[in-house]
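Data block for target_38.pdb (PDB, N, CA and C atoms):
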ATOM      1  N   MET A  26     -20.963  21.096   6.136  1.00  0.00           N
ATOM      2  CA  MET A  26     -20.119  20.163   6.826  1.00  0.00           C
ATOM      3  C   MET A  26     -19.683  18.998   5.952  1.00  0.00           C
ATOM      4  N   GLY A  27     -20.311  18.804   4.799  1.00  0.00           N
ATOM      5  CA  GLY A  27     -19.943  17.711   3.916  1.00  0.00           C
ATOM      6  C   GLY A  27     -18.640  18.000   3.190  1.00  0.00           C
ATOM      7  N   MET A  28     -17.988  16.938   2.771  1.00  0.00           N
ATOM      8  CA  MET A  28     -16.728  17.094   2.045  1.00  0.00           C
ATOM      9  C   MET A  28     -17.000  17.257   0.559  1.00  0.00           C
ATOM     10  N   ALA A  29     -16.339  18.182  -0.043  1.00  0.00           N
ATOM     11  CA  ALA A  29     -16.453  18.365  -1.485  1.00  0.00           C
ATOM     12  C   ALA A  29     -15.712  17.233  -2.185  1.00  0.00           C
ATOM     13  N   ALA A  30     -16.114  16.916  -3.397  1.00  0.00           N
ATOM     14  CA  ALA A  30     -15.482  15.833  -4.147  1.00  0.00           C
ATOM     15  C   ALA A  30     -13.988  16.081  -4.328  1.00  0.00           C
ATOM     16  N   ALA A  31     -13.592  17.336  -4.437  1.00  0.00           N
ATOM     17  CA  ALA A  31     -12.176  17.663  -4.632  1.00  0.00           C
ATOM     18  C   ALA A  31     -11.355  17.385  -3.369  1.00  0.00           C
ATOM     19  N   ASP A  32     -12.016  17.367  -2.188  1.00  0.00           N
ATOM     20  CA  ASP A  32     -11.316  17.122  -0.933  1.00  0.00           C
ATOM     21  C   ASP A  32     -11.066  15.641  -0.682  1.00  0.00           C
ATOM     22  N   LEU A  33     -11.783  14.771  -1.365  1.00  0.00           N
ATOM     23  CA  LEU A  33     -11.640  13.339  -1.158  1.00  0.00           C
ATOM     24  C   LEU A  33     -10.361  12.825  -1.825  1.00  0.00           C
ATOM     25  N   GLN A  34      -9.667  11.973  -1.106  1.00  0.00           N
ATOM     26  CA  GLN A  34      -8.470  11.358  -1.669  1.00  0.00           C
ATOM     27  C   GLN A  34      -8.599   9.848  -1.496  1.00  0.00           C
ATOM     28  N   PHE A  35      -8.475   9.126  -2.573  1.00  0.00           N
ATOM     29  CA  PHE A  35      -8.538   7.680  -2.508  1.00  0.00           C
ATOM     30  C   PHE A  35      -7.230   7.133  -1.958  1.00  0.00           C
ATOM     31  N   HIS A  36      -7.332   6.032  -1.218  1.00  0.00           N
ATOM     32  CA  HIS A  36      -6.154   5.331  -0.720  1.00  0.00           C
ATOM     33  C   HIS A  36      -6.107   3.987  -1.430  1.00  0.00           C
ATOM     34  N   VAL A  37      -5.067   3.783  -2.223  1.00  0.00           N
ATOM     35  CA  VAL A  37      -4.919   2.586  -3.039  1.00  0.00           C
ATOM     36  C   VAL A  37      -3.898   1.660  -2.387  1.00  0.00           C
ATOM     37  N   LEU A  38      -4.257   0.389  -2.253  1.00  0.00           N
ATOM     38  CA  LEU A  38      -3.328  -0.633  -1.790  1.00  0.00           C
ATOM     39  C   LEU A  38      -2.921  -1.451  -3.011  1.00  0.00           C
ATOM     40  N   ALA A  39      -1.666  -1.296  -3.432  1.00  0.00           N
ATOM     41  CA  ALA A  39      -1.165  -1.986  -4.620  1.00  0.00           C
ATOM     42  C   ALA A  39      -0.331  -3.183  -4.172  1.00  0.00           C
ATOM     43  N   VAL A  40      -0.630  -4.351  -4.742  1.00  0.00           N
ATOM     44  CA  VAL A  40       0.051  -5.589  -4.366  1.00  0.00           C
ATOM     45  C   VAL A  40       0.700  -6.184  -5.603  1.00  0.00           C
ATOM     46  N   ASP A  41       2.022  -6.342  -5.557  1.00  0.00           N
ATOM     47  CA  ASP A  41       2.751  -6.954  -6.671  1.00  0.00           C
ATOM     48  C   ASP A  41       4.087  -7.459  -6.147  1.00  0.00           C
ATOM     49  N   ASP A  42       4.524  -8.594  -6.640  1.00  0.00           N
ATOM     50  CA  ASP A  42       5.793  -9.143  -6.158  1.00  0.00           C
ATOM     51  C   ASP A  42       7.006  -8.511  -6.840  1.00  0.00           C
ATOM     52  N   SER A  43       6.777  -7.696  -7.837  1.00  0.00           N
ATOM     53  CA  SER A  43       7.876  -7.032  -8.546  1.00  0.00           C
ATOM     54  C   SER A  43       8.060  -5.612  -8.017  1.00  0.00           C
ATOM     55  N   LEU A  44       9.250  -5.309  -7.521  1.00  0.00           N
ATOM     56  CA  LEU A  44       9.538  -3.969  -7.009  1.00  0.00           C
ATOM     57  C   LEU A  44       9.355  -2.916  -8.097  1.00  0.00           C
ATOM     58  N   ILE A  45       9.798  -3.217  -9.295  1.00  0.00           N
ATOM     59  CA  ILE A  45       9.666  -2.258 -10.400  1.00  0.00           C
ATOM     60  C   ILE A  45       8.196  -1.960 -10.681  1.00  0.00           C
ATOM     61  N   ASP A  46       7.368  -3.005 -10.716  1.00  0.00           N
ATOM     62  CA  ASP A  46       5.939  -2.801 -10.963  1.00  0.00           C
ATOM     63  C   ASP A  46       5.284  -2.021  -9.827  1.00  0.00           C
ATOM     64  N   ARG A  47       5.672  -2.301  -8.576  1.00  0.00           N
ATOM     65  CA  ARG A  47       5.112  -1.558  -7.446  1.00  0.00           C
ATOM     66  C   ARG A  47       5.457  -0.082  -7.535  1.00  0.00           C
ATOM     67  N   LYS A  48       6.702   0.224  -7.893  1.00  0.00           N
ATOM     68  CA  LYS A  48       7.113   1.626  -8.025  1.00  0.00           C
ATOM     69  C   LYS A  48       6.351   2.318  -9.151  1.00  0.00           C
ATOM     70  N   LEU A  49       6.157   1.626 -10.269  1.00  0.00           N
ATOM     71  CA  LEU A  49       5.410   2.186 -11.395  1.00  0.00           C
ATOM     72  C   LEU A  49       3.959   2.460 -11.003  1.00  0.00           C
ATOM     73  N   ILE A  50       3.327   1.478 -10.368  1.00  0.00           N
ATOM     74  CA  ILE A  50       1.942   1.640  -9.931  1.00  0.00           C
ATOM     75  C   ILE A  50       1.831   2.806  -8.953  1.00  0.00           C
ATOM     76  N   GLU A  51       2.779   2.861  -8.010  1.00  0.00           N
ATOM     77  CA  GLU A  51       2.768   3.940  -7.027  1.00  0.00           C
ATOM     78  C   GLU A  51       2.858   5.309  -7.703  1.00  0.00           C
ATOM     79  N   ARG A  52       3.756   5.429  -8.649  1.00  0.00           N
ATOM     80  CA  ARG A  52       3.922   6.714  -9.343  1.00  0.00           C
ATOM     81  C   ARG A  52       2.661   7.095 -10.134  1.00  0.00           C
ATOM     82  N   LEU A  53       2.070   6.130 -10.827  1.00  0.00           N
ATOM     83  CA  LEU A  53       0.873   6.420 -11.621  1.00  0.00           C
ATOM     84  C   LEU A  53      -0.291   6.876 -10.745  1.00  0.00           C
ATOM     85  N   PHE A  54      -0.487   6.219  -9.607  1.00  0.00           N
ATOM     86  CA  PHE A  54      -1.582   6.626  -8.730  1.00  0.00           C
ATOM     87  C   PHE A  54      -1.291   7.946  -8.038  1.00  0.00           C
ATOM     88  N   ARG A  55      -0.043   8.216  -7.706  1.00  0.00           N
ATOM     89  CA  ARG A  55       0.290   9.495  -7.075  1.00  0.00           C
ATOM     90  C   ARG A  55       0.049  10.654  -8.049  1.00  0.00           C
ATOM     91  N   ILE A  56       0.300  10.427  -9.334  1.00  0.00           N
ATOM     92  CA  ILE A  56       0.006  11.447 -10.346  1.00  0.00           C
ATOM     93  C   ILE A  56      -1.491  11.776 -10.329  1.00  0.00           C
ATOM     94  N   SER A  57      -2.305  10.772 -10.008  1.00  0.00           N
ATOM     95  CA  SER A  57      -3.759  10.957  -9.932  1.00  0.00           C
ATOM     96  C   SER A  57      -4.202  11.437  -8.555  1.00  0.00           C
ATOM     97  N   SER A  58      -3.255  11.896  -7.740  1.00  0.00           N
ATOM     98  CA  SER A  58      -3.532  12.430  -6.397  1.00  0.00           C
ATOM     99  C   SER A  58      -4.124  11.400  -5.443  1.00  0.00           C
ATOM    100  N   CYS A  59      -3.720  10.163  -5.591  1.00  0.00           N
ATOM    101  CA  CYS A  59      -4.158   9.113  -4.677  1.00  0.00           C
ATOM    102  C   CYS A  59      -3.076   8.863  -3.634  1.00  0.00           C
ATOM    103  N   GLN A  60      -3.515   8.495  -2.447  1.00  0.00           N
ATOM    104  CA  GLN A  60      -2.577   8.012  -1.440  1.00  0.00           C
ATOM    105  C   GLN A  60      -2.303   6.555  -1.784  1.00  0.00           C
ATOM    106  N   VAL A  61      -1.040   6.128  -1.761  1.00  0.00           N
ATOM    107  CA  VAL A  61      -0.682   4.796  -2.221  1.00  0.00           C
ATOM    108  C   VAL A  61       0.140   4.081  -1.163  1.00  0.00           C
ATOM    109  N   THR A  62      -0.230   2.830  -0.913  1.00  0.00           N
ATOM    110  CA  THR A  62       0.564   1.930  -0.090  1.00  0.00           C
ATOM    111  C   THR A  62       0.852   0.711  -0.946  1.00  0.00           C
ATOM    112  N   THR A  63       2.101   0.267  -0.959  1.00  0.00           N
ATOM    113  CA  THR A  63       2.454  -0.908  -1.752  1.00  0.00           C
ATOM    114  C   THR A  63       3.004  -2.000  -0.846  1.00  0.00           C
ATOM    115  N   VAL A  64       2.647  -3.237  -1.167  1.00  0.00           N
ATOM    116  CA  VAL A  64       3.181  -4.408  -0.478  1.00  0.00           C
ATOM    117  C   VAL A  64       3.519  -5.458  -1.523  1.00  0.00           C
ATOM    118  N   ASP A  65       4.338  -6.438  -1.121  1.00  0.00           N
ATOM    119  CA  ASP A  65       4.837  -7.393  -2.106  1.00  0.00           C
ATOM    120  C   ASP A  65       4.156  -8.757  -2.103  1.00  0.00           C
ATOM    121  N   SER A  66       3.076  -8.939  -1.333  1.00  0.00           N
ATOM    122  CA  SER A  66       2.373 -10.220  -1.363  1.00  0.00           C
ATOM    123  C   SER A  66       0.938 -10.055  -0.878  1.00  0.00           C
ATOM    124  N   GLY A  67       0.120 -11.025  -1.224  1.00  0.00           N
ATOM    125  CA  GLY A  67      -1.270 -11.003  -0.793  1.00  0.00           C
ATOM    126  C   GLY A  67      -1.414 -11.120   0.709  1.00  0.00           C
ATOM    127  N   SER A  68      -0.573 -11.949   1.336  1.00  0.00           N
ATOM    128  CA  SER A  68      -0.667 -12.103   2.788  1.00  0.00           C
ATOM    129  C   SER A  68      -0.281 -10.808   3.503  1.00  0.00           C
ATOM    130  N   LYS A  69       0.682 -10.073   2.963  1.00  0.00           N
ATOM    131  CA  LYS A  69       1.059  -8.794   3.557  1.00  0.00           C
ATOM    132  C   LYS A  69      -0.034  -7.754   3.350  1.00  0.00           C
ATOM    133  N   ALA A  70      -0.742  -7.844   2.229  1.00  0.00           N
ATOM    134  CA  ALA A  70      -1.876  -6.945   1.997  1.00  0.00           C
ATOM    135  C   ALA A  70      -2.969  -7.211   3.026  1.00  0.00           C
ATOM    136  N   LEU A  71      -3.243  -8.491   3.289  1.00  0.00           N
ATOM    137  CA  LEU A  71      -4.245  -8.836   4.291  1.00  0.00           C
ATOM    138  C   LEU A  71      -3.818  -8.367   5.677  1.00  0.00           C
ATOM    139  N   GLU A  72      -2.530  -8.489   5.990  1.00  0.00           N
ATOM    140  CA  GLU A  72      -2.020  -7.991   7.267  1.00  0.00           C
ATOM    141  C   GLU A  72      -2.213  -6.478   7.361  1.00  0.00           C
ATOM    142  N   PHE A  73      -1.888  -5.770   6.293  1.00  0.00           N
ATOM    143  CA  PHE A  73      -2.038  -4.317   6.271  1.00  0.00           C
ATOM    144  C   PHE A  73      -3.488  -3.918   6.524  1.00  0.00           C
ATOM    145  N   LEU A  74      -4.408  -4.667   5.939  1.00  0.00           N
ATOM    146  CA  LEU A  74      -5.831  -4.388   6.085  1.00  0.00           C
ATOM    147  C   LEU A  74      -6.382  -4.871   7.422  1.00  0.00           C
ATOM    148  N   GLY A  75      -5.571  -5.601   8.176  1.00  0.00           N
ATOM    149  CA  GLY A  75      -6.009  -6.119   9.467  1.00  0.00           C
ATOM    150  C   GLY A  75      -6.888  -7.342   9.351  1.00  0.00           C
ATOM    151  N   LEU A  76      -6.818  -8.028   8.228  1.00  0.00           N
ATOM    152  CA  LEU A  76      -7.652  -9.206   7.998  1.00  0.00           C
ATOM    153  C   LEU A  76      -6.913 -10.517   8.249  1.00  0.00           C
ATOM    154  N   GLN A  77      -5.628 -10.433   8.517  1.00  0.00           N
ATOM    155  CA  GLN A  77      -4.830 -11.635   8.780  1.00  0.00           C
ATOM    156  C   GLN A  77      -3.757 -11.257   9.791  1.00  0.00           C
ATOM    157  N   GLU A  78      -3.644 -12.065  10.829  1.00  0.00           N
ATOM    158  CA  GLU A  78      -2.623 -11.793  11.821  1.00  0.00           C
ATOM    159  C   GLU A  78      -1.271 -12.239  11.307  1.00  0.00           C
ATOM    160  N   GLU A  79      -0.259 -11.535  11.737  1.00  0.00           N
ATOM    161  CA  GLU A  79       1.107 -11.872  11.348  1.00  0.00           C
ATOM    162  C   GLU A  79       1.520 -13.123  12.103  1.00  0.00           C
ATOM    163  N   HIS A  80       1.972 -14.159  11.382  1.00  0.00           N
ATOM    164  CA  HIS A  80       2.361 -15.430  11.992  1.00  0.00           C
ATOM    165  C   HIS A  80       3.794 -15.425  12.472  1.00  0.00           C
ATOM    166  N   ASP A  81       4.624 -14.646  11.842  1.00  0.00           N
ATOM    167  CA  ASP A  81       6.048 -14.645  12.149  1.00  0.00           C
ATOM    168  C   ASP A  81       6.494 -13.204  12.321  1.00  0.00           C
ATOM    169  N   ASN A  82       6.949 -12.831  13.508  1.00  0.00           N
ATOM    170  CA  ASN A  82       7.337 -11.453  13.774  1.00  0.00           C
ATOM    171  C   ASN A  82       8.492 -10.982  12.912  1.00  0.00           C
ATOM    172  N   GLN A  83       9.295 -11.893  12.368  1.00  0.00           N
ATOM    173  CA  GLN A  83      10.425 -11.508  11.533  1.00  0.00           C
ATOM    174  C   GLN A  83       9.993 -11.197  10.111  1.00  0.00           C
ATOM    175  N   ASN A  84       8.806 -11.583   9.739  1.00  0.00           N
ATOM    176  CA  ASN A  84       8.297 -11.382   8.382  1.00  0.00           C
ATOM    177  C   ASN A  84       7.511 -10.076   8.338  1.00  0.00           C
ATOM    178  N   GLN A  85       8.216  -8.942   8.365  1.00  0.00           N
ATOM    179  CA  GLN A  85       7.583  -7.636   8.388  1.00  0.00           C
ATOM    180  C   GLN A  85       7.054  -7.275   7.009  1.00  0.00           C
ATOM    181  N   PRO A  86       5.877  -6.629   6.944  1.00  0.00           N
ATOM    182  CA  PRO A  86       5.345  -6.220   5.647  1.00  0.00           C
ATOM    183  C   PRO A  86       6.291  -5.262   4.936  1.00  0.00           C
ATOM    184  N   CYS A  87       6.393  -5.436   3.638  1.00  0.00           N
ATOM    185  CA  CYS A  87       7.215  -4.546   2.819  1.00  0.00           C
ATOM    186  C   CYS A  87       6.315  -3.419   2.347  1.00  0.00           C
ATOM    187  N   VAL A  88       6.186  -2.398   3.174  1.00  0.00           N
ATOM    188  CA  VAL A  88       5.326  -1.263   2.875  1.00  0.00           C
ATOM    189  C   VAL A  88       6.164  -0.166   2.280  1.00  0.00           C
ATOM    190  N   SER A  89       5.619   0.503   1.306  1.00  0.00           N
ATOM    191  CA  SER A  89       6.328   1.592   0.654  1.00  0.00           C
ATOM    192  C   SER A  89       6.843   2.576   1.693  1.00  0.00           C
ATOM    193  N   PRO A  90       8.147   2.878   1.680  1.00  0.00           N
ATOM    194  CA  PRO A  90       8.707   3.770   2.696  1.00  0.00           C
ATOM    195  C   PRO A  90       8.122   5.161   2.672  1.00  0.00           C
ATOM    196  N   SER A  91       7.528   5.573   1.582  1.00  0.00           N
ATOM    197  CA  SER A  91       6.973   6.917   1.499  1.00  0.00           C
ATOM    198  C   SER A  91       5.616   7.023   2.187  1.00  0.00           C
ATOM    199  N   ASN A  92       5.050   5.865   2.622  1.00  0.00           N
ATOM    200  CA  ASN A  92       3.728   5.921   3.233  1.00  0.00           C
ATOM    201  C   ASN A  92       3.569   4.785   4.241  1.00  0.00           C
ATOM    202  N   GLN A  93       4.126   4.924   5.404  1.00  0.00           N
ATOM    203  CA  GLN A  93       3.982   3.885   6.432  1.00  0.00           C
ATOM    204  C   GLN A  93       2.995   4.340   7.477  1.00  0.00           C
ATOM    205  N   GLN A  94       1.713   4.019   7.260  1.00  0.00           N
ATOM    206  CA  GLN A  94       0.658   4.370   8.209  1.00  0.00           C
ATOM    207  C   GLN A  94      -0.023   3.122   8.684  1.00  0.00           C
TER     208      GLN A  94
END
I'd like the structure from this file rewritten - as structure tokens, please.
Amino acid sequence: MGMAAADLQFHVLAVDDSLIDRKLIERLFRISSCQVTTVDSGSKALEFLGLQEEHDNQNQPCVSPSNQQ
């Protein structure tokens, strides 16, 4: 019933204010078979993790469109 090491997939949360850097990081981790979510600020990362409530409903997290979970 245990999961084999090959079945495990890491989920990486990459935070960077540069779109180019976020795309690069996302591509590098995907090559390593990681699930990747990218956001453009620390506060949005905390919101994604559920550690900070969203103060302004218009300020939606910039989550990578390829992985919105």
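Taking CA of Val64 (chain A) and CA of Leu33 (chain A) as endpoints, the distance between them is 23.1 Å.
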Please define a box with edges along x, y and z of the file around all atoms of region 54-63 of chain A given in the file, extend it by 5 Å on each side, and return its centre and edge lengths in Å to one decimal, as JSON.
{"center_x": -0.6, "center_y": 5.2, "center_z": -5.2, "size_x": 17.2, "size_y": 24.4, "size_z": 20.3}
### Message
Need to verify the contact set: His36 (chain A), 12 Å, only C-alpha atoms, exclusion of same-chain residues closer than 4 positions in sequence. Can you return it as a list in words?
### Response
Glu51, Phe54, Arg55, Ser57, Ser58, Cys59, Gln60, Val61, Thr62, Thr63, Leu74, Asn92 and Gln94 of chain A
### Query
So how many Å separate CA of Leu76 (chain A) and CA of Arg52 (chain A), to one decimal?
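According to the coordinates, CA of Leu76 (chain A) and CA of Arg52 (chain A) are separated by 26.2 Å.
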### Query
Could you tell me, as a VMD selection string, which residues have any atom at most 9 Å from (-0.5, -3.1, -4.8), counting only C-alpha atoms?
chain A and resid 37 to 42 46 to 47 50 to 51 61 to 67 70
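From atom N of Ile56 (chain A) back to atom C of Leu71 (chain A), the distance works out to 24.4 Å.
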